[in-house]
Structures are given as C-alpha cells and as structure tokens.
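Enquirer: Just input.cif, nothing more (mmCIF, C-alpha atoms):
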data_structure
loop_
_atom_site.label_atom_id
_atom_site.label_comp_id
_atom_site.auth_asym_id
_atom_site.auth_seq_id
_atom_site.Cartn_x
_atom_site.Cartn_y
_atom_site.Cartn_z
CA MET A 1 138.00 129.78 -17.89
CA PRO A 2 138.01 128.11 -14.45
CA PHE A 3 140.38 127.81 -11.56
CA GLY A 4 140.15 124.87 -9.19
CA GLN A 5 141.61 123.90 -5.82
CA ILE A 6 143.54 120.65 -6.06
CA ARG A 7 145.83 119.30 -3.39
CA ASP A 8 147.93 122.28 -2.17
CA ILE A 9 147.45 124.67 -5.12
CA THR A 10 144.91 126.66 -7.08
CA LEU A 11 145.21 125.46 -10.66
CA TYR A 12 144.11 127.05 -13.93
CA TYR A 13 142.50 124.73 -16.48
CA GLU A 14 140.43 124.71 -19.65
CA ILE A 15 137.99 122.20 -21.14
CA VAL A 16 137.59 122.66 -24.89
CA GLY A 17 136.43 120.75 -27.97
CA SER A 18 134.14 117.74 -28.20
CA GLY A 19 134.52 114.01 -28.54
CA PRO A 20 136.39 111.38 -26.50
CA ARG A 21 138.21 112.62 -23.41
CA LEU A 22 141.85 113.70 -23.73
CA LEU A 23 144.09 115.00 -20.95
CA PHE A 24 146.79 117.22 -22.47
CA ILE A 25 149.93 117.69 -20.34
CA ASN A 26 152.15 120.50 -21.56
CA GLY A 27 155.92 120.93 -21.52
CA THR A 28 158.74 122.83 -19.85
CA GLY A 29 157.85 126.45 -19.10
CA ALA A 30 154.51 126.08 -20.87
CA ASP A 31 151.72 128.60 -20.34
CA LEU A 32 148.32 128.15 -22.00
CA ARG A 33 148.33 131.85 -22.85
CA ARG A 34 151.19 131.05 -25.25
CA ARG A 35 149.46 128.69 -27.63
CA GLN A 36 151.34 126.19 -29.79
CA PRO A 37 149.85 125.91 -33.30
CA TYR A 38 149.10 122.20 -33.00
CA VAL A 39 147.25 122.40 -29.67
CA ASP A 40 143.93 123.72 -30.93
CA THR A 41 143.85 121.02 -33.63
CA LEU A 42 143.18 118.55 -30.84
CA ASN A 43 139.89 120.32 -30.08
CA ASP A 44 138.45 119.13 -33.39
CA HIS A 45 138.79 115.49 -32.31
CA PHE A 46 138.57 115.36 -28.53
CA THR A 47 137.13 116.96 -25.43
CA VAL A 48 140.46 118.30 -24.22
CA LEU A 49 141.31 119.00 -20.59
CA ARG A 50 144.42 121.18 -20.53
CA TYR A 51 145.99 123.16 -17.71
CA ASP A 52 148.92 125.16 -16.44
CA GLN A 53 151.08 122.93 -14.25
CA ARG A 54 152.21 123.96 -10.78
CA GLY A 55 154.77 126.75 -10.95
CA LEU A 56 153.67 127.86 -14.41
CA GLY A 57 151.23 130.17 -16.15
CA GLN A 58 148.17 131.15 -14.15
CA THR A 59 148.46 128.24 -11.72
CA GLU A 60 149.75 128.83 -8.20
CA LYS A 61 153.51 128.73 -7.66
CA PRO A 62 154.39 127.62 -4.13
CA ASP A 63 158.06 128.14 -3.31
CA LYS A 64 158.98 124.62 -2.25
CA HIS A 65 160.30 121.42 -3.78
CA TYR A 66 158.23 119.99 -6.65
CA SER A 67 158.54 116.30 -7.47
CA MET A 68 157.42 114.42 -10.53
CA ALA A 69 155.03 112.60 -8.22
CA ASP A 70 153.50 115.99 -7.36
CA TYR A 71 152.90 116.69 -11.04
CA ALA A 72 151.36 113.27 -11.63
CA ASP A 73 149.13 113.55 -8.57
CA ASP A 74 148.08 117.05 -9.68
CA ALA A 75 146.89 115.58 -12.98
CA ALA A 76 144.92 112.84 -11.24
CA ALA A 77 143.43 115.34 -8.79
CA LEU A 78 142.34 117.59 -11.67
CA MET A 79 140.57 114.64 -13.27
CA ASP A 80 138.83 114.02 -9.94
CA LEU A 81 137.82 117.68 -9.76
CA ILE A 82 136.01 117.62 -13.11
CA GLY A 83 134.65 114.10 -12.72
CA TRP A 84 136.73 112.17 -15.23
CA ASN A 85 137.45 108.58 -14.19
CA ASP A 86 139.79 108.05 -17.12
CA ALA A 87 140.97 109.58 -20.39
CA ALA A 88 143.49 109.25 -23.16
CA VAL A 89 146.62 111.23 -22.29
CA LEU A 90 149.01 113.23 -24.45
CA GLY A 91 152.19 114.30 -22.68
CA VAL A 92 154.52 116.62 -24.58
CA SER A 93 158.18 117.03 -23.60
CA PHE A 94 158.20 117.56 -19.80
CA GLY A 95 154.53 116.59 -19.95
CA GLY A 96 155.69 113.21 -21.21
CA SER A 97 157.69 112.74 -18.01
CA VAL A 98 154.61 113.66 -15.98
CA ALA A 99 152.54 111.23 -18.04
CA GLN A 100 155.02 108.41 -17.39
CA GLU A 101 154.70 109.03 -13.65
CA LEU A 102 150.91 109.27 -13.98
CA ALA A 103 150.87 105.87 -15.71
CA ARG A 104 152.90 104.38 -12.86
CA ARG A 105 151.00 105.98 -9.97
CA HIS A 106 147.48 106.07 -11.44
CA PRO A 107 147.38 103.46 -14.23
CA THR A 108 143.59 103.06 -14.26
CA ARG A 109 143.15 106.73 -15.17
CA ILE A 110 144.75 106.30 -18.61
CA THR A 111 143.14 104.54 -21.57
CA ARG A 112 145.85 105.34 -24.12
CA LEU A 113 149.11 107.24 -23.68
CA ALA A 114 150.93 109.29 -26.31
CA LEU A 115 154.40 110.59 -25.41
CA ALA A 116 155.66 113.29 -27.77
CA CYS A 117 159.29 114.52 -27.80
CA ALA A 118 159.65 112.93 -24.36
CA ASN A 119 162.52 111.05 -22.75
CA PRO A 120 162.89 108.60 -19.84
CA GLY A 121 165.18 110.89 -17.88
CA GLY A 122 168.49 109.89 -16.34
CA PRO A 123 171.28 110.17 -18.94
CA PHE A 124 168.68 110.72 -21.65
CA GLY A 125 167.61 114.02 -20.08
CA TYR A 126 169.25 117.28 -21.16
CA PRO A 127 170.35 119.62 -18.28
CA LEU A 128 167.99 122.52 -19.02
CA LEU A 129 168.34 123.64 -15.39
CA ASP A 130 171.87 124.81 -16.24
CA LEU A 131 170.38 127.39 -18.61
CA HIS A 132 167.86 128.85 -16.20
CA ASP A 133 170.00 131.71 -14.89
CA ARG A 134 171.85 132.39 -18.12
CA ASP A 135 171.19 135.49 -20.22
CA ALA A 136 168.47 135.41 -22.88
CA GLU A 137 170.96 135.32 -25.75
CA THR A 138 172.80 132.30 -24.37
CA ARG A 139 169.57 130.47 -23.68
CA ALA A 140 168.19 131.18 -27.15
CA ARG A 141 171.41 130.15 -28.90
CA THR A 142 171.73 126.95 -26.86
CA MET A 143 168.10 126.01 -27.44
CA LEU A 144 168.58 126.59 -31.17
CA SER A 145 171.55 124.23 -31.17
CA LEU A 146 169.36 121.48 -29.66
CA ASP A 147 168.06 121.04 -33.19
CA LEU A 148 170.72 118.77 -34.70
CA ARG A 149 170.34 120.62 -38.00
CA LYS A 150 171.21 123.97 -36.38
CA SER A 151 174.79 123.40 -35.19
CA ALA A 152 177.19 126.25 -34.44
CA GLU A 153 178.65 125.73 -37.89
CA TRP A 154 175.22 125.98 -39.49
CA GLN A 155 174.46 129.14 -37.51
CA ALA A 156 177.70 130.74 -38.68
CA ALA A 157 176.93 129.86 -42.29
CA HIS A 158 173.32 131.18 -42.11
CA PRO A 159 173.52 134.46 -40.15
CA GLU A 160 170.24 135.98 -41.34
CA GLU A 161 168.12 132.91 -40.65
CA THR A 162 169.91 132.41 -37.35
CA ALA A 163 169.15 135.99 -36.30
CA LYS A 164 165.43 135.45 -36.95
CA LEU A 165 165.38 132.17 -35.06
CA LEU A 166 167.25 133.67 -32.10
CA ALA A 167 164.83 136.61 -31.94
CA THR A 168 161.93 134.16 -31.76
CA GLY A 169 163.78 132.12 -29.14
CA ARG A 170 164.43 135.13 -26.92
CA LYS A 171 160.72 135.98 -26.92
CA ARG A 172 159.69 132.41 -26.24
CA GLY A 173 162.08 132.11 -23.32
CA GLY A 174 160.50 134.81 -21.15
CA PRO A 175 157.34 134.68 -19.05
CA VAL A 176 154.01 135.63 -20.63
CA ASP A 177 153.39 137.99 -17.71
CA PRO A 178 156.66 139.80 -16.86
CA SER A 179 154.98 141.35 -13.83
CA ASP A 180 154.53 137.94 -12.16
CA PRO A 181 157.06 138.00 -9.28
CA HIS A 182 156.96 134.20 -8.93
CA ALA A 183 157.44 133.23 -12.59
CA ALA A 184 161.21 132.66 -12.46
CA MET A 185 160.99 130.71 -9.21
CA GLY A 186 158.18 128.51 -10.52
CA ALA A 187 160.05 127.80 -13.74
CA ARG A 188 163.13 126.80 -11.75
CA ARG A 189 161.11 124.49 -9.50
CA GLN A 190 159.76 122.71 -12.57
CA LEU A 191 163.25 122.31 -14.02
CA GLU A 192 164.45 120.88 -10.71
CA ALA A 193 161.71 118.24 -10.87
CA ARG A 194 162.65 117.54 -14.48
CA GLU A 195 166.28 117.04 -13.46
CA GLU A 196 165.27 114.35 -10.94
CA HIS A 197 163.14 112.33 -13.36
CA ASP A 198 164.48 108.86 -14.13
CA ALA A 199 161.99 106.25 -15.29
CA ARG A 200 164.48 103.75 -16.69
CA GLU A 201 163.99 101.16 -13.96
CA TRP A 202 160.20 101.11 -14.04
CA LEU A 203 159.11 101.79 -17.62
CA ASP A 204 158.18 98.11 -17.90
CA GLN A 205 155.45 98.74 -15.31
CA ILE A 206 153.52 100.83 -17.85
CA THR A 207 150.86 98.52 -19.27
CA VAL A 208 148.48 100.90 -21.08
CA PRO A 209 148.79 101.25 -24.90
CA VAL A 210 151.67 103.66 -25.54
CA GLY A 211 152.59 105.61 -28.66
CA LEU A 212 156.04 107.22 -28.83
CA PHE A 213 156.42 110.17 -31.18
CA GLY A 214 159.68 112.02 -31.76
CA GLY A 215 161.64 114.31 -34.06
CA ARG A 216 164.66 112.93 -35.89
CA TYR A 217 166.81 115.97 -35.03
CA ASP A 218 165.83 116.47 -31.38
CA ARG A 219 168.57 116.62 -28.74
CA LEU A 220 165.97 116.80 -25.92
CA GLY A 221 163.65 113.92 -26.78
CA THR A 222 166.41 112.05 -28.58
CA GLU A 223 165.98 109.13 -30.94
CA ALA A 224 168.08 107.07 -28.52
CA GLY A 225 165.67 107.92 -25.72
CA GLN A 226 162.68 107.01 -27.88
CA ARG A 227 164.20 103.65 -28.73
CA PHE A 228 165.05 102.97 -25.09
CA MET A 229 161.42 103.56 -24.10
CA ALA A 230 160.17 101.45 -27.01
CA GLU A 231 162.32 98.53 -25.84
CA ARG A 232 161.13 98.80 -22.23
CA ILE A 233 157.39 99.42 -22.71
CA ALA A 234 155.76 96.26 -23.98
CA GLY A 235 153.62 96.70 -27.08
CA SER A 236 154.53 100.37 -27.54
CA GLU A 237 154.56 101.94 -31.00
CA MET A 238 157.29 104.37 -32.09
CA GLN A 239 157.24 106.88 -34.94
CA LEU A 240 159.86 109.47 -35.89
CA PHE A 241 159.14 112.62 -37.88
CA GLU A 242 160.99 115.33 -39.75
CA GLY A 243 161.76 117.96 -37.16
CA ALA A 244 163.41 118.57 -33.82
CA HIS A 245 161.75 119.25 -30.45
CA GLY A 246 159.01 121.16 -32.24
CA PHE A 247 158.28 118.39 -34.73
CA LEU A 248 154.55 118.60 -33.99
CA ASN A 249 154.62 122.02 -35.65
CA GLU A 250 157.18 121.07 -38.31
CA ASP A 251 156.06 117.81 -39.91
CA PRO A 252 152.48 117.91 -41.28
CA ALA A 253 152.20 114.16 -40.76
CA ALA A 254 152.95 114.29 -37.02
CA VAL A 255 149.76 115.61 -35.43
CA PRO A 256 147.47 113.39 -37.55
CA ALA A 257 149.54 110.38 -36.48
CA VAL A 258 149.21 111.31 -32.80
CA ILE A 259 145.47 111.88 -33.19
CA ALA A 260 145.02 108.56 -35.00
CA PHE A 261 146.80 106.72 -32.20
CA LEU A 262 144.80 108.43 -29.45
CA ALA A 263 141.51 107.92 -31.28
CA LYS A 264 141.82 104.14 -31.60
CA ASP A 265 138.78 102.46 -30.01
CA ALA A 266 137.54 105.96 -29.13
CA THR A 267 133.88 105.08 -29.72
CA ALA A 268 134.05 102.46 -27.03
CA ARG A 269 135.71 104.88 -24.62
CA SER A 270 133.76 108.11 -25.21
#
For the structure just supplied, provide its representation as structure tokens.
Expert:
Amino acid sequence: MPFGQIRDITLYYEIVGSGPRLLFINGTGADLRRRQPYVDTLNDHFTVLRYDQRGLGQTEKPDKHYSMADYADDAAALMDLIGWNDAAVLGVSFGGSVAQELARRHPTRITRLALACANPGGPFGYPLLDLHDRDAETRARTMLSLDLRKSAEWQAAHPEETAKLLATGRKRGGPVDPSDPHAAMGARRQLEAREEHDAREWLDQITVPVGLFGGRYDRLGTEAGQRFMAERIAGSEMQLFEGAHGFLNEDPAAVPAVIAFLAKDATARS
C-alpha cells in the first residue's frame, strides 16, 4: 500500500473497494493495522480512501503542535494527491471532529457527511488527554466505564466479564508497533488537538447533508452532544443505536444505516 507526501508529512493511505468515493477518517489512536470489524464492510459499497492520520500508525509523526486545521488540511491534501475533487466522508470519533473542520475549511470537497460517535468539542468533549500518561490498567478501566452500562458498580458485580473486557482494553490501548519510538508522542499530539476542538460556534456553517450516528450509552460521543449538533446543523439527520462508543460493532443495524445515508444519490455522484 502507498505512502504519499502531503504538506509537511509522509502519510500512509489505502484505496480499497469499488463504487462511489468515500473518505474514511478514523478515530483517536487509530492505526489501519488494527482493523475494526465494521471498516471492511464499507469496501463492499464504496471506493474507500482511508489513511493513518499524522502522529499515528505508519504516517509520519513530527514532534510539534498539531491543530484540527492541520488534520482537515491533511485530508484535503490527500484527496488532491490521489485526484479526488470530492467524496462522501465518514468521520468516526476523533475523525468526526476532523470531518467537521474539513466541512468548514473545504466544504466543496464533501458531498455527504456522516459523523459517527462524534461530538462538537468544548464541554461535550471528554478529557482523554488526562489518561495518556496513566498506567494501562487505569486507562482500560476508565475507558470501560465510558460505556454507561459498565459503571463501577456493574464492574464489581460482574468480575469475570469485567476481567475479559479489561484484558481486551489493555491490548487495544498500546501501539501496534511497540518499537516505534515516536508512537507515544504522536498519540499525545493528537489528543492535544482533540482537547482544543470546539465547533459549537460554527456548526451552522456546515451546509452539506449531514447524518449523525451515535450510541445510546456513549460517554464520549454523548447523546447530548448528538442532539446539540442536530440542532445546529440545518437539515441534519440523527439516529441512536444500541451500544456505546463502539456501537458500529455492537448494533447490527448501525453500519447499514450509515451506508444507506452515505449512498443516497450515489449514482449521480460516482
């Protein structure tokens, strides 16, 4: 799979599948070598452009301040690199914040925008940066509690299931390549950019068709945050599903709903 020079970094990307164009923007700490189950489903419906964002995965990790504008401009520059004038966009979690900024800075590049388990930042954002330097056990236990169904009381009452979930969480929290000396720094830089994101004052500038998709039990992309965005983005559609931040893997109805939204008028756009 290819690497490309965009702006100030060398970026790793993949183009997979067939059909209408879809730019997939991944979430916090995401690395394409660690595949989410739902991601490859998109390939059956779209030509998907996906990539490791600056500071993550196999993409370059410069040790300097990253802004949300940087992430949005990276996405636009990648589209320029491969010759895409526009595409539907799916932004998941942190990728939803990037996609909001992309819609503000480069509105003509987006035909339809799906935001999954995203939030508008500000008081709706959860301080994940506070967890960055904590031990793996603390991070895993805190992340588990961000599912409203998995409170401390629930964890105490279900020790065996909790132990399995924490073991999975500890593995998920580390870098794919432990030998990468820049992985921790890059992850922190992304979290710093996430901490600064606040789209509340300009969400009404987003004029492309927007679908908002969230999990009912998610303390990261909260229902309150979803409803705030739905009120501010004219004509947006909001759907909630059974699940927390990973609702795309939890509720069988979620991914088909996202695909159906993104595929509207696809024949005219492909």
Enquirer: Please tell me which residues are no farther than 10 Å from (138.2, 110.5, -24.3) in the file, counting all atoms listed in the file, and write them as a list in words.
Expert: Ser18, Gly19, Pro20, Arg21, Leu22, Leu23, His45, Phe46, Thr47, Val48, Leu49, Trp84, Asp86, Ala87, Ala88, Val89, Ile110, Thr111, Arg112, Leu262, Ala263, Asp265, Ala266, Thr267, Ala268, Arg269 and Ser270 of chain A
Enquirer: Residues near range 217-231 of chain A, anyone? I mean within 6 Å using all atoms listed in the file, not counting same-chain ones fewer than 2 positions away, as a ChimeraX atom specification.
Expert: /A:117-119,124,126,146-148,215,233,236,243-245
Enquirer: Please determine, counting only C-alpha atoms, which residue among A:Ala193, A:Val98, A:Ile6, A:Ala260 has the shortest atom-to-atom distance to Asp80 in chain A.
Expert: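 Using only C-alpha atoms, the shortest distance to Asp80 in chain A belongs to A:Ile6.
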Enquirer: Counting only C-alpha atoms, what is within 6 Å of Arg216 in chain A, bar same-chain residues fewer than 6 positions away, as a list of chain:residue names?
Expert: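 Counting only the stated atoms, we get A:Leu240, A:Phe241, A:Glu242, A:Gly243.
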Enquirer: What's the 8 Å shell around range 159-174 of chain A, counting all atoms listed in the file, without same-chain residues fewer than 3 positions away, as a VMD selection string?
Expert: chain A and resid 136 to 137 139 to 141 143 to 144 155 to 156 178
Enquirer: If you count all atoms listed in the file, which residues fall within 9 Å of Asp40 in chain A, apart from same-chain ones fewer than 5 positions away, as a PyMOL selection string?
Expert: chain A and resi 16-17+35
Enquirer: Expand the PyMOL selection byres ((chain A and resi 53-58) around 7) into the individual residues it matches in the shown file, reporting them as an MDAnalysis selection string.
Expert: chainID A and resid 12 29:32 51:52 59:62 183 186:187 189:190
Enquirer: Please determine, counting all atoms listed in the file, which residue among A:Asp63, A:Asp73, A:Glu101, A:Asp44 has the shortest atom-to-atom distance to Gln205 in chain A.
Expert: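 Smallest separation from Gln205 in chain A among the options: A:Glu101.
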Enquirer: Pick out the residues sitting within 10 Å of Pro37 in chain A, and hand them over as a PyMOL selection string; count all atoms listed in the file, and ignore anything fewer than 4 positions along from it in its own chain.
Expert: chain A and resi 41+248-249
